[in-house]
$ cat run32.cif   # mmCIF, C-alpha atoms and all ligand atoms
data_structure
loop_
_atom_site.label_atom_id
_atom_site.label_comp_id
_atom_site.auth_asym_id
_atom_site.auth_seq_id
_atom_site.Cartn_x
_atom_site.Cartn_y
_atom_site.Cartn_z
CA MET D 77 24.61 -6.57 1.43
CA GLU D 78 24.27 -4.00 4.22
CA MET D 79 20.83 -2.52 4.56
CA LYS D 80 19.92 0.63 6.48
CA ILE D 81 16.26 0.34 7.28
CA GLY D 82 14.18 3.00 9.03
CA VAL D 83 11.38 1.49 11.10
CA ILE D 84 8.14 3.25 11.94
CA LYS D 85 6.24 0.90 14.21
CA GLY D 86 3.43 3.40 14.60
CA ASP D 87 0.19 3.03 16.49
CA GLY D 88 -2.39 0.36 17.32
CA ILE D 89 -1.29 -3.05 16.06
CA GLY D 90 1.69 -1.41 14.30
CA PRO D 91 4.39 -2.39 16.83
CA GLU D 92 3.24 -6.03 17.02
CA ILE D 93 3.12 -6.62 13.30
CA VAL D 94 6.37 -4.77 12.59
CA ASP D 95 8.20 -6.86 15.22
CA GLU D 96 7.26 -10.00 13.28
CA ALA D 97 8.34 -8.49 9.96
CA MET D 98 11.72 -7.56 11.48
CA LYS D 99 12.05 -11.10 12.79
CA VAL D 100 11.45 -12.47 9.29
CA LEU D 101 13.86 -9.94 7.76
CA ASP D 102 16.54 -10.90 10.29
CA LYS D 103 16.07 -14.57 9.55
CA THR D 104 16.25 -13.94 5.82
CA ALA D 105 19.39 -11.82 6.24
CA GLU D 106 20.97 -14.59 8.30
CA VAL D 107 20.17 -17.30 5.75
CA TYR D 108 21.34 -15.23 2.77
CA GLY D 109 24.29 -13.50 4.41
CA HIS D 110 23.15 -9.89 4.65
CA SER D 111 23.28 -7.43 7.51
CA ILE D 112 20.58 -5.00 8.58
CA ALA D 113 20.86 -1.87 10.71
CA TYR D 114 17.50 -0.60 11.95
CA THR D 115 16.73 2.95 13.03
CA GLN D 116 13.50 3.42 14.97
CA LEU D 117 11.49 6.43 13.84
CA LEU D 118 8.41 7.99 15.43
CA MET D 119 5.47 8.99 13.27
CA GLY D 120 1.73 9.40 13.72
CA GLY D 121 0.17 9.18 17.17
CA ALA D 122 3.36 7.83 18.74
CA SER D 123 5.15 10.99 17.59
CA ILE D 124 2.34 13.26 18.79
CA ASP D 125 2.66 11.74 22.27
CA VAL D 126 6.40 12.49 22.41
CA ASN D 127 6.88 15.51 20.13
CA GLY D 128 3.44 17.11 19.91
CA VAL D 129 3.43 16.72 16.12
CA PRO D 130 2.91 13.64 13.95
CA LEU D 131 6.16 14.09 11.98
CA THR D 132 9.26 16.06 12.94
CA ASP D 133 11.92 17.37 10.55
CA GLU D 134 14.45 15.07 12.27
CA THR D 135 12.32 12.03 11.54
CA LEU D 136 11.90 13.02 7.91
CA LYS D 137 15.65 13.53 7.67
CA ALA D 138 16.40 10.17 9.29
CA ALA D 139 13.93 8.50 6.91
CA LYS D 140 15.72 10.10 3.95
CA GLU D 141 19.04 8.83 5.22
CA SER D 142 17.90 5.21 5.27
CA ASP D 143 17.76 2.93 2.22
CA ALA D 144 14.13 2.09 2.85
CA VAL D 145 11.48 2.46 5.54
CA LEU D 146 9.33 -0.31 6.98
CA MET D 147 6.13 0.91 8.55
CA GLY D 148 3.33 -0.62 10.61
CA SER D 149 0.28 1.58 10.77
CA ILE D 150 -0.70 4.90 12.27
CA GLY D 151 -3.78 6.44 13.80
CA GLY D 152 -6.27 5.60 16.52
CA ASP D 153 -9.96 5.56 17.24
CA ALA D 154 -11.24 8.92 16.01
CA LYS D 155 -14.02 8.92 18.62
CA THR D 156 -11.94 8.26 21.71
CA SER D 157 -8.32 9.11 20.97
CA PRO D 158 -7.05 12.54 22.10
CA TRP D 159 -5.07 12.76 18.84
CA TYR D 160 -8.33 13.62 17.08
CA GLN D 161 -8.98 16.60 19.38
CA LEU D 162 -6.06 18.29 17.60
CA GLU D 163 -6.54 20.38 14.50
CA PRO D 164 -6.50 18.25 11.31
CA SER D 165 -2.95 19.26 10.32
CA LYS D 166 -1.61 17.87 13.64
CA ARG D 167 -3.36 14.49 13.55
CA PRO D 168 -1.61 11.16 12.82
CA GLU D 169 -2.74 10.97 9.16
CA ALA D 170 -1.19 14.37 8.44
CA GLY D 171 2.17 12.88 9.40
CA LEU D 172 1.80 10.11 6.86
CA LEU D 173 0.80 12.52 4.09
CA ALA D 174 3.74 14.81 4.94
CA LEU D 175 6.11 11.84 4.95
CA ARG D 176 4.89 10.68 1.52
CA LYS D 177 5.26 14.19 0.15
CA GLY D 178 8.60 14.82 1.87
CA LEU D 179 10.05 11.62 0.41
CA ASN D 180 8.39 12.21 -2.97
CA LEU D 181 6.74 8.78 -2.85
CA PHE D 182 4.51 9.28 -5.87
CA ALA D 183 4.03 5.63 -6.85
CA ASN D 184 1.96 3.47 -4.54
CA LEU D 185 1.82 -0.23 -5.41
CA ARG D 186 -0.99 -2.20 -3.82
CA PRO D 187 -1.18 -5.80 -4.96
CA ALA D 188 -4.54 -7.50 -4.37
CA VAL D 189 -4.26 -11.23 -4.73
CA LEU D 190 -6.75 -13.98 -3.97
CA TYR D 191 -4.65 -16.70 -2.37
CA GLU D 192 -5.58 -20.24 -3.36
CA ASP D 193 -5.59 -21.28 0.30
CA LEU D 194 -7.81 -18.37 1.29
CA LYS D 195 -10.44 -18.56 -1.42
CA GLY D 196 -12.99 -19.36 1.25
CA ALA D 197 -12.50 -15.88 2.73
CA CYS D 198 -13.49 -14.16 -0.51
CA PRO D 199 -16.93 -12.60 -0.02
CA LEU D 200 -17.83 -12.96 -3.71
CA LYS D 201 -19.93 -15.76 -5.18
CA GLU D 202 -18.06 -19.01 -5.63
CA GLU D 203 -18.12 -18.90 -9.43
CA ILE D 204 -16.36 -15.51 -9.32
CA ALA D 205 -13.88 -16.47 -6.61
CA ASP D 206 -13.07 -19.68 -8.45
CA SER D 207 -11.38 -17.84 -11.29
CA GLY D 208 -9.12 -16.15 -8.74
CA PHE D 209 -7.45 -12.78 -9.32
CA ASP D 210 -4.09 -11.11 -9.06
CA MET D 211 -4.02 -7.38 -9.67
CA MET D 212 -1.68 -4.53 -8.91
CA ILE D 213 -3.24 -1.20 -8.06
CA MET D 214 -0.90 1.67 -8.93
CA ARG D 215 -2.10 4.68 -7.03
CA GLU D 216 -0.64 8.14 -7.58
CA LEU D 217 0.28 9.18 -4.06
CA THR D 218 1.53 12.76 -3.86
CA GLY D 219 -0.90 14.76 -5.99
CA GLY D 220 -4.58 15.38 -6.52
CA LEU D 221 -7.20 16.17 -3.95
CA TYR D 222 -5.21 15.06 -0.90
CA PHE D 223 -2.48 17.61 -1.57
CA GLY D 224 -4.49 20.47 -3.04
CA LYS D 225 -5.30 23.74 -1.29
CA ARG D 226 -8.17 23.42 1.10
CA SER D 227 -10.17 25.87 3.12
CA THR D 228 -13.37 26.28 5.06
CA GLU D 229 -14.82 29.75 5.19
CA GLU D 230 -18.05 31.66 5.24
CA VAL D 231 -19.18 32.82 1.83
CA ASN D 232 -22.09 35.25 2.06
CA GLY D 233 -22.88 33.92 5.50
CA VAL D 234 -22.81 30.27 4.38
CA LEU D 235 -20.10 27.91 5.63
CA THR D 236 -18.30 26.66 2.55
CA ALA D 237 -15.47 24.13 2.24
CA ARG D 238 -13.18 23.79 -0.74
CA ASP D 239 -10.67 21.08 -1.77
CA GLU D 240 -8.64 21.57 -4.91
CA LEU D 241 -7.85 18.72 -7.34
CA THR D 242 -4.82 19.47 -9.50
CA TYR D 243 -2.63 17.25 -11.67
CA ASN D 244 0.03 18.36 -14.08
CA GLU D 245 1.18 16.26 -17.02
CA ASN D 246 4.54 15.44 -15.42
CA GLU D 247 2.89 13.97 -12.35
CA ILE D 248 0.67 11.84 -14.55
CA ARG D 249 3.47 10.75 -16.87
CA ARG D 250 5.82 9.46 -14.17
CA ILE D 251 3.19 7.29 -12.48
CA ALA D 252 1.91 6.07 -15.86
CA LYS D 253 5.43 5.00 -16.85
CA ARG D 254 5.79 3.07 -13.62
CA ALA D 255 2.48 1.33 -14.26
CA PHE D 256 3.48 0.29 -17.79
CA ASP D 257 6.91 -0.87 -16.58
CA ILE D 258 5.24 -3.08 -14.01
CA ALA D 259 2.67 -4.33 -16.51
CA MET D 260 5.57 -5.45 -18.73
CA LYS D 261 6.65 -7.81 -15.93
CA ARG D 262 3.11 -9.08 -15.44
CA ARG D 263 0.27 -9.89 -17.84
CA LYS D 264 0.81 -6.73 -19.93
CA LYS D 265 -2.51 -5.03 -19.39
CA VAL D 266 -3.14 -1.58 -17.90
CA THR D 267 -6.59 -0.35 -16.93
CA SER D 268 -6.39 3.38 -16.41
CA VAL D 269 -9.19 4.55 -14.15
CA ASP D 270 -10.55 8.10 -14.25
CA LYS D 271 -13.71 10.19 -14.37
CA ALA D 272 -13.07 11.69 -17.77
CA ASN D 273 -16.78 12.15 -18.45
CA VAL D 274 -16.79 14.90 -15.79
CA LEU D 275 -13.34 16.04 -14.64
CA ASP D 276 -10.72 18.05 -16.52
CA SER D 277 -7.96 16.46 -14.45
CA SER D 278 -9.19 13.06 -15.70
CA ARG D 279 -9.24 14.20 -19.31
CA LEU D 280 -5.61 15.27 -19.00
CA TRP D 281 -4.90 11.98 -17.22
CA ARG D 282 -6.31 10.02 -20.18
CA LYS D 283 -4.38 12.06 -22.74
CA VAL D 284 -1.04 11.64 -20.98
CA VAL D 285 -1.60 7.94 -20.29
CA GLU D 286 -2.24 7.42 -23.99
CA GLU D 287 1.01 9.21 -24.86
CA VAL D 288 2.93 6.97 -22.47
CA ALA D 289 1.16 3.87 -23.81
CA ALA D 290 2.58 4.59 -27.25
CA ASP D 291 6.03 3.65 -25.89
CA TYR D 292 4.73 0.26 -24.71
CA PRO D 293 3.23 -1.40 -27.81
CA GLU D 294 3.13 -4.80 -26.07
CA VAL D 295 0.88 -3.54 -23.30
CA THR D 296 -2.88 -3.39 -23.80
CA LEU D 297 -4.35 -0.17 -22.43
CA GLU D 298 -7.98 0.29 -21.54
CA HIS D 299 -9.70 3.24 -19.90
CA MET D 300 -12.40 2.74 -17.32
CA LEU D 301 -14.54 5.22 -15.44
CA VAL D 302 -14.08 4.98 -11.70
CA ASP D 303 -17.71 4.22 -10.91
CA ASN D 304 -17.70 1.39 -13.41
CA CYS D 305 -14.40 0.14 -11.98
CA ALA D 306 -15.90 -0.03 -8.48
CA MET D 307 -18.58 -2.26 -9.97
CA GLN D 308 -16.26 -4.39 -12.09
CA LEU D 309 -14.09 -5.14 -9.06
CA VAL D 310 -16.90 -7.16 -7.54
CA LYS D 311 -18.36 -8.42 -10.80
CA ASP D 312 -15.24 -9.73 -12.50
CA PRO D 313 -11.99 -8.98 -10.63
CA ALA D 314 -10.05 -11.47 -12.76
CA GLN D 315 -10.16 -9.02 -15.70
CA PHE D 316 -7.63 -6.71 -14.02
CA ASP D 317 -3.86 -6.84 -14.23
CA VAL D 318 -2.54 -3.33 -13.46
CA ILE D 319 -5.00 -0.65 -12.39
CA LEU D 320 -3.51 2.81 -12.81
CA THR D 321 -5.29 5.65 -11.08
CA GLU D 322 -5.07 8.98 -9.27
CA ASN D 323 -4.77 9.45 -5.53
CA MET D 324 -8.32 9.47 -4.22
CA PHE D 325 -9.70 6.90 -6.65
CA GLY D 326 -6.78 4.64 -5.74
CA ASP D 327 -7.42 5.11 -2.03
CA ILE D 328 -11.01 3.98 -2.44
CA LEU D 329 -10.53 1.23 -5.02
CA SER D 330 -7.61 -0.34 -3.16
CA ASP D 331 -9.74 -0.73 -0.03
CA GLU D 332 -12.45 -2.31 -2.14
CA ALA D 333 -9.98 -4.64 -3.85
CA SER D 334 -8.50 -5.68 -0.53
CA MET D 335 -11.91 -6.48 0.90
CA VAL D 336 -12.67 -8.62 -2.13
CA THR D 337 -9.67 -10.78 -1.26
CA GLY D 338 -11.40 -11.30 2.09
CA SER D 339 -8.17 -10.80 3.99
CA ILE D 340 -6.93 -7.24 4.32
CA GLY D 341 -4.40 -8.59 6.82
CA MET D 342 -2.62 -10.22 3.88
CA LEU D 343 -2.08 -7.21 1.63
CA ALA D 344 1.26 -5.49 1.34
CA SER D 345 2.11 -2.15 -0.24
CA ALA D 346 5.08 -0.18 -1.47
CA SER D 347 5.40 3.56 -1.99
CA LEU D 348 8.26 4.49 -4.26
CA ASN D 349 10.00 7.60 -5.57
CA GLU D 350 12.31 8.04 -8.57
CA THR D 351 15.16 6.23 -6.80
CA LYS D 352 15.36 2.82 -5.16
CA PHE D 353 14.06 4.26 -1.92
CA GLY D 354 10.65 3.10 -0.74
CA LEU D 355 8.26 3.07 2.18
CA TYR D 356 6.69 -0.32 2.80
CA GLU D 357 3.56 -0.84 4.82
CA PRO D 358 0.57 -3.16 5.09
CA SER D 359 -2.57 -1.95 3.33
CA GLY D 360 -4.65 -2.33 6.47
CA GLY D 361 -5.02 0.21 9.27
CA SER D 362 -3.95 0.37 12.92
CA ALA D 363 -6.97 -1.64 14.20
CA PRO D 364 -6.92 -0.05 17.69
CA ASP D 365 -9.70 -2.41 18.81
CA ILE D 366 -7.37 -5.43 18.72
CA ALA D 367 -4.08 -3.68 19.55
CA GLY D 368 -1.92 -5.40 22.16
CA LYS D 369 -3.92 -8.61 22.09
CA GLY D 370 -1.38 -10.57 20.08
CA ILE D 371 -3.97 -11.64 17.51
CA ALA D 372 -3.28 -9.27 14.60
CA ASN D 373 -2.23 -10.80 11.29
CA PRO D 374 1.43 -9.86 10.61
CA ILE D 375 1.48 -11.33 7.08
CA ALA D 376 0.75 -8.06 5.24
CA THR D 377 3.72 -6.44 6.98
CA ILE D 378 5.91 -9.47 6.33
CA LEU D 379 4.95 -9.38 2.64
CA SER D 380 5.68 -5.63 2.63
CA ALA D 381 9.16 -6.46 3.89
CA ALA D 382 9.47 -8.88 0.96
CA MET D 383 8.47 -6.06 -1.41
CA MET D 384 11.19 -3.95 0.20
CA LEU D 385 13.83 -6.56 -0.57
CA ARG D 386 12.57 -6.78 -4.14
CA TYR D 387 12.13 -3.10 -5.02
CA SER D 388 14.67 -1.25 -2.85
CA PHE D 389 17.45 -3.86 -2.71
CA ASP D 390 16.91 -5.96 -5.85
CA LEU D 391 17.01 -9.08 -3.68
CA ASP D 392 14.50 -11.14 -5.66
CA LYS D 393 15.60 -14.53 -4.34
CA GLU D 394 15.23 -13.37 -0.76
CA ALA D 395 11.82 -11.80 -1.48
CA ASP D 396 10.71 -15.05 -3.13
CA ALA D 397 11.86 -16.97 -0.05
CA ILE D 398 9.64 -14.86 2.21
CA GLU D 399 6.64 -15.13 -0.10
CA LYS D 400 7.13 -18.88 -0.37
CA ALA D 401 7.42 -19.22 3.40
CA VAL D 402 4.10 -17.39 3.82
CA SER D 403 2.39 -19.71 1.31
CA GLU D 404 3.88 -22.74 3.01
CA VAL D 405 2.61 -21.75 6.45
CA LEU D 406 -0.85 -21.07 5.02
CA SER D 407 -0.96 -24.38 3.21
CA LYS D 408 -0.08 -26.11 6.48
CA GLY D 409 -3.33 -24.68 7.82
CA CYS D 410 -1.97 -22.00 10.17
CA ARG D 411 -4.28 -18.99 10.43
CA THR D 412 -4.60 -15.83 12.46
CA ILE D 413 -8.13 -15.11 13.60
CA ASP D 414 -8.99 -12.77 10.69
CA ILE D 415 -8.50 -15.54 8.13
CA MET D 416 -9.48 -18.47 10.36
CA ALA D 417 -11.67 -21.17 8.82
CA GLU D 418 -13.06 -24.51 9.93
CA GLY D 419 -10.49 -27.26 10.24
CA LYS D 420 -7.54 -24.84 10.39
CA THR D 421 -5.24 -24.07 13.31
CA GLN D 422 -5.61 -20.67 14.91
CA ILE D 423 -2.37 -19.03 16.00
CA GLY D 424 -1.36 -15.58 17.25
CA THR D 425 0.77 -12.79 15.82
CA LYS D 426 4.10 -13.97 17.25
CA GLU D 427 3.53 -17.60 16.41
CA MET D 428 2.73 -16.67 12.82
CA GLY D 429 6.04 -14.78 12.63
CA ASP D 430 7.89 -17.78 14.11
CA ARG D 431 6.31 -20.25 11.71
CA ILE D 432 7.21 -18.11 8.72
CA CYS D 433 10.81 -17.78 9.97
CA GLU D 434 11.04 -21.56 10.21
CA CYS D 435 10.15 -21.84 6.54
CA ILE D 436 12.75 -19.34 5.27
CA ARG D 437 15.42 -21.19 3.37
C1 LIG D 501 -4.21 4.83 2.94
C2 LIG D 501 -4.86 5.58 4.05
C3 LIG D 501 -4.34 7.01 4.03
C4 LIG D 501 -4.67 7.60 2.68
C5 LIG D 501 -4.87 7.90 5.16
C6 LIG D 501 -4.54 7.33 6.52
C7 LIG D 501 -4.40 9.33 5.05
O1 LIG D 501 -6.24 5.54 3.91
O2 LIG D 501 -2.98 4.68 2.95
O3 LIG D 501 -4.92 4.39 2.04
O4 LIG D 501 -5.80 8.00 2.45
O5 LIG D 501 -3.81 7.64 1.83
MG MG D 502 -6.94 4.30 2.37
#

$ encode --input "run32.cif" --output "structure tokens"
Amino acid sequence: MEMKIGVIKGDGIGPEIVDEAMKVLDKTAEVYGHSIAYTQLLMGGASIDVNGVPLTDETLKAAKESDAVLMGSIGGDAKTSPWYQLEPSKRPEAGLLALRKGLNLFANLRPAVLYEDLKGACPLKEEIADSGFDMMIMRELTGGLYFGKRSTEEVNGVLTARDELTYNENEIRRIAKRAFDIAMKRRKKVTSVDKANVLDSSRLWRKVVEEVAADYPEVTLEHMLVDNCAMQLVKDPAQFDVILTENMFGDILSDEASMVTGSIGMLASASLNETKFGLYEPSGGSAPDIAGKGIANPIATILSAAMMLRYSFDLDKEADAIEKAVSEVLSKGCRTIDIMAEGKTQIGTKEMGDRICECIR
């Protein structure tokens, strides 16, 4: 197969971790007889430095013309980086939001898995960690509060800010369907998370999710209020299979879920639209404090590349090979500093990429 992959290395540790993911993709393509053409794209701070804006129309167009996009991370230190002297709509994060919207990437998949070999990194009590967990957070990504109208103005002499939270039934239905489809391939349980005791948008969310659920009789649906969900994630994470939720709740809960695994450097993500196209990026941020030191964990980006092969190219065998290679390297005791533990071998970003390549077969 020939794959046209757009690559956004981005800011901070982005370039280092993406280089390793490309290395693993190349090795996988070589072993399985595929060819990959990469197109480098600038987004976020790297684009601001060159173009003055975090996302240009040309970049969006080039992204659309590729089969899938692999991304590192964007953004810098908000206190020291000049990017944050710009008005909010010109900052790195605005580029990412515009890219998601421009590519219609409404379905964000964030798996949070407690790896057997990394149980020690889990910050929860041993009896909770022992049962392990493997959940998929399905976050709606192009609606809600992050894309509503916003303004800051003086109302009767008082500075007043407003952010609008809107969802229509179509936006809810398409993400709900995705969540149920994915649940069908997993343990067949969907927990839909909302704040239906307060918000109208959540009450509509619940109604539409129930309508969709009727088409999936094999899947168990439960509703959970978001505050309770935040609590349940640390109390009993093993109860979750697929968590389906709106944009902001998903943003917050996915960070919480990743922290509970103890290793945010391990967590991949995929953002999909109605077609096979997807944007694949690690769940973690740009970590400017460790950028350029060669110590960042590239595994989340490598696993994102595996998700790309699975979801955009239907290359399940190849995706399995990458995931297996990652497990193998971990079970041999190789660790980057973020997941280092006593008795294990600490290695750097590049070496981790090399080791994983060696295990691709
Ligand atoms: C994420 C990030 C982004 C988001 C930011 C950088 C705009 O936190 O992908 O979770 O909130 O969606
Ligand atoms: Mg976030």

$ closest_residue --input "run32.cif" --among "D:Ala237, D:Ala205, D:Ile124, D:Ala139" --to "Gly178 of chain D" --atoms "all atoms listed in the file"
D:Ala139

$ residues_around --input "run32.cif" --residues "segment 253-264 of chain D" --least-positions-apart "6" --cutoff "8 Å" --atoms "only C-alpha atoms" --output "VMD selection string"
chain D and resid 183 214 288 to 289 292 294 to 296 317 to 320

$ closest_atom_pairs --input "run32.cif" --of "chain D" --to "ligand LIG 501 (chain D)" --cutoff "9 Å" --atoms "all atoms listed in the file" --output "tab-separated table"
residue	atom	partner	partner_atom	distance
D:Ser149	CA	D:LIG501	C6	8.6
D:Ile150	CA	D:LIG501	C6	7.3
D:Gly151	CA	D:LIG501	C6	7.4
D:Pro168	CA	D:LIG501	C6	7.9
D:Glu169	CA	D:LIG501	C7	4.7
D:Ala170	CA	D:LIG501	C7	6.9
D:Gly171	CA	D:LIG501	C7	8.6
D:Leu172	CA	D:LIG501	C7	6.5
D:Leu173	CA	D:LIG501	C7	6.2
D:Leu217	CA	D:LIG501	O5	7.3
D:Tyr222	CA	D:LIG501	O4	7.8
D:Asn323	CA	D:LIG501	O5	7.6
D:Met324	CA	D:LIG501	O4	7.3
D:Gly326	CA	D:LIG501	O3	8.0
D:Asp327	CA	D:LIG501	O3	4.8
D:Ile328	CA	D:LIG501	O3	7.6
D:Ser330	CA	D:LIG501	O3	7.5
D:Asp331	CA	D:LIG501	O3	7.3
D:Glu357	CA	D:LIG501	O2	8.8
D:Pro358	CA	D:LIG501	O2	8.9
D:Ser359	CA	D:LIG501	O2	6.7
D:Gly360	CA	D:LIG501	C1	8.0
D:Gly361	CA	D:LIG501	C2	7.5

$ closest_residue --input "run32.cif" --among "D:Ala397, D:Val284, D:Ala367, D:Ala333" --to "ligand MG 502 (chain D)" --atoms "all atoms listed in the file"
D:Ala333

$ atom_distance --input "run32.cif" --atom1 "atom CA of Asn184 of chain D" --atom2 "atom CA of Thr218 of chain D"
9.3 Å

$ closest_residue --input "run32.cif" --among "D:Glu216, D:Glu350, D:Glu134, D:Glu106" --to "Leu179 of chain D" --atoms "all atoms listed in the file"
D:Glu350

$ build_atoms --input "run32.cif" --residues "segment 287-295 of chain D" --atoms "all heavy atoms" --output "mmCIF file, in the frame of the given file"
data_model
loop_
_atom_site.group_PDB
_atom_site.id
_atom_site.type_symbol
_atom_site.label_atom_id
_atom_site.label_comp_id
_atom_site.auth_asym_id
_atom_site.auth_seq_id
_atom_site.Cartn_x
_atom_site.Cartn_y
_atom_site.Cartn_z
ATOM 1 N N GLU D 287 -0.330 8.886 -24.337
ATOM 2 C CA GLU D 287 1.010 9.210 -24.860
ATOM 3 C C GLU D 287 2.047 8.210 -24.347
ATOM 4 O O GLU D 287 2.885 7.706 -25.093
ATOM 5 C CB GLU D 287 1.425 10.621 -24.425
ATOM 6 C CG GLU D 287 0.710 11.729 -25.192
ATOM 7 C CD GLU D 287 0.896 13.102 -24.526
ATOM 8 O OE1 GLU D 287 1.824 13.250 -23.680
ATOM 9 O OE2 GLU D 287 0.113 14.008 -24.853
ATOM 10 N N VAL D 288 1.979 7.920 -23.058
ATOM 11 C CA VAL D 288 2.930 6.970 -22.470
ATOM 12 C C VAL D 288 2.736 5.583 -23.080
ATOM 13 O O VAL D 288 3.704 4.879 -23.407
ATOM 14 C CB VAL D 288 2.779 6.924 -20.926
ATOM 15 C CG1 VAL D 288 3.629 5.807 -20.326
ATOM 16 C CG2 VAL D 288 3.164 8.269 -20.317
ATOM 17 N N ALA D 289 1.487 5.196 -23.276
ATOM 18 C CA ALA D 289 1.160 3.870 -23.810
ATOM 19 C C ALA D 289 1.819 3.640 -25.169
ATOM 20 O O ALA D 289 2.198 2.507 -25.505
ATOM 21 C CB ALA D 289 -0.342 3.683 -23.908
ATOM 22 N N ALA D 290 1.990 4.711 -25.915
ATOM 23 C CA ALA D 290 2.580 4.590 -27.250
ATOM 24 C C ALA D 290 3.998 4.011 -27.190
ATOM 25 O O ALA D 290 4.467 3.385 -28.137
ATOM 26 C CB ALA D 290 2.591 5.957 -27.936
ATOM 27 N N ASP D 291 4.678 4.217 -26.050
ATOM 28 C CA ASP D 291 6.030 3.650 -25.890
ATOM 29 C C ASP D 291 6.010 2.193 -25.441
ATOM 30 O O ASP D 291 7.072 1.595 -25.250
ATOM 31 C CB ASP D 291 6.813 4.462 -24.840
ATOM 32 C CG ASP D 291 7.078 5.876 -25.329
ATOM 33 O OD1 ASP D 291 7.153 6.064 -26.556
ATOM 34 O OD2 ASP D 291 7.184 6.788 -24.478
ATOM 35 N N TYR D 292 4.833 1.653 -25.185
ATOM 36 C CA TYR D 292 4.730 0.260 -24.710
ATOM 37 C C TYR D 292 3.753 -0.514 -25.605
ATOM 38 O O TYR D 292 2.662 -0.892 -25.167
ATOM 39 C CB TYR D 292 4.233 0.230 -23.269
ATOM 40 C CG TYR D 292 5.169 0.881 -22.274
ATOM 41 C CD1 TYR D 292 5.156 2.264 -22.059
ATOM 42 C CD2 TYR D 292 6.071 0.125 -21.533
ATOM 43 C CE1 TYR D 292 6.011 2.865 -21.146
ATOM 44 C CE2 TYR D 292 6.918 0.719 -20.608
ATOM 45 C CZ TYR D 292 6.888 2.091 -20.422
ATOM 46 O OH TYR D 292 7.723 2.679 -19.516
ATOM 47 N N PRO D 293 4.154 -0.763 -26.868
ATOM 48 C CA PRO D 293 3.230 -1.400 -27.810
ATOM 49 C C PRO D 293 2.751 -2.784 -27.374
ATOM 50 O O PRO D 293 1.689 -3.229 -27.790
ATOM 51 C CB PRO D 293 4.068 -1.489 -29.105
ATOM 52 C CG PRO D 293 5.474 -1.274 -28.704
ATOM 53 C CD PRO D 293 5.458 -0.432 -27.475
ATOM 54 N N GLU D 294 3.543 -3.442 -26.504
ATOM 55 C CA GLU D 294 3.130 -4.800 -26.070
ATOM 56 C C GLU D 294 2.040 -4.777 -25.009
ATOM 57 O O GLU D 294 1.435 -5.810 -24.713
ATOM 58 C CB GLU D 294 4.335 -5.534 -25.473
ATOM 59 C CG GLU D 294 5.321 -6.044 -26.492
ATOM 60 C CD GLU D 294 6.504 -6.670 -25.783
ATOM 61 O OE1 GLU D 294 6.312 -7.602 -24.994
ATOM 62 O OE2 GLU D 294 7.634 -6.189 -26.016
ATOM 63 N N VAL D 295 1.845 -3.605 -24.400
ATOM 64 C CA VAL D 295 0.880 -3.540 -23.300
ATOM 65 C C VAL D 295 -0.483 -3.078 -23.819
ATOM 66 O O VAL D 295 -0.577 -2.113 -24.564
ATOM 67 C CB VAL D 295 1.363 -2.570 -22.187
ATOM 68 C CG1 VAL D 295 0.342 -2.462 -21.068
ATOM 69 C CG2 VAL D 295 2.719 -3.013 -21.648
#
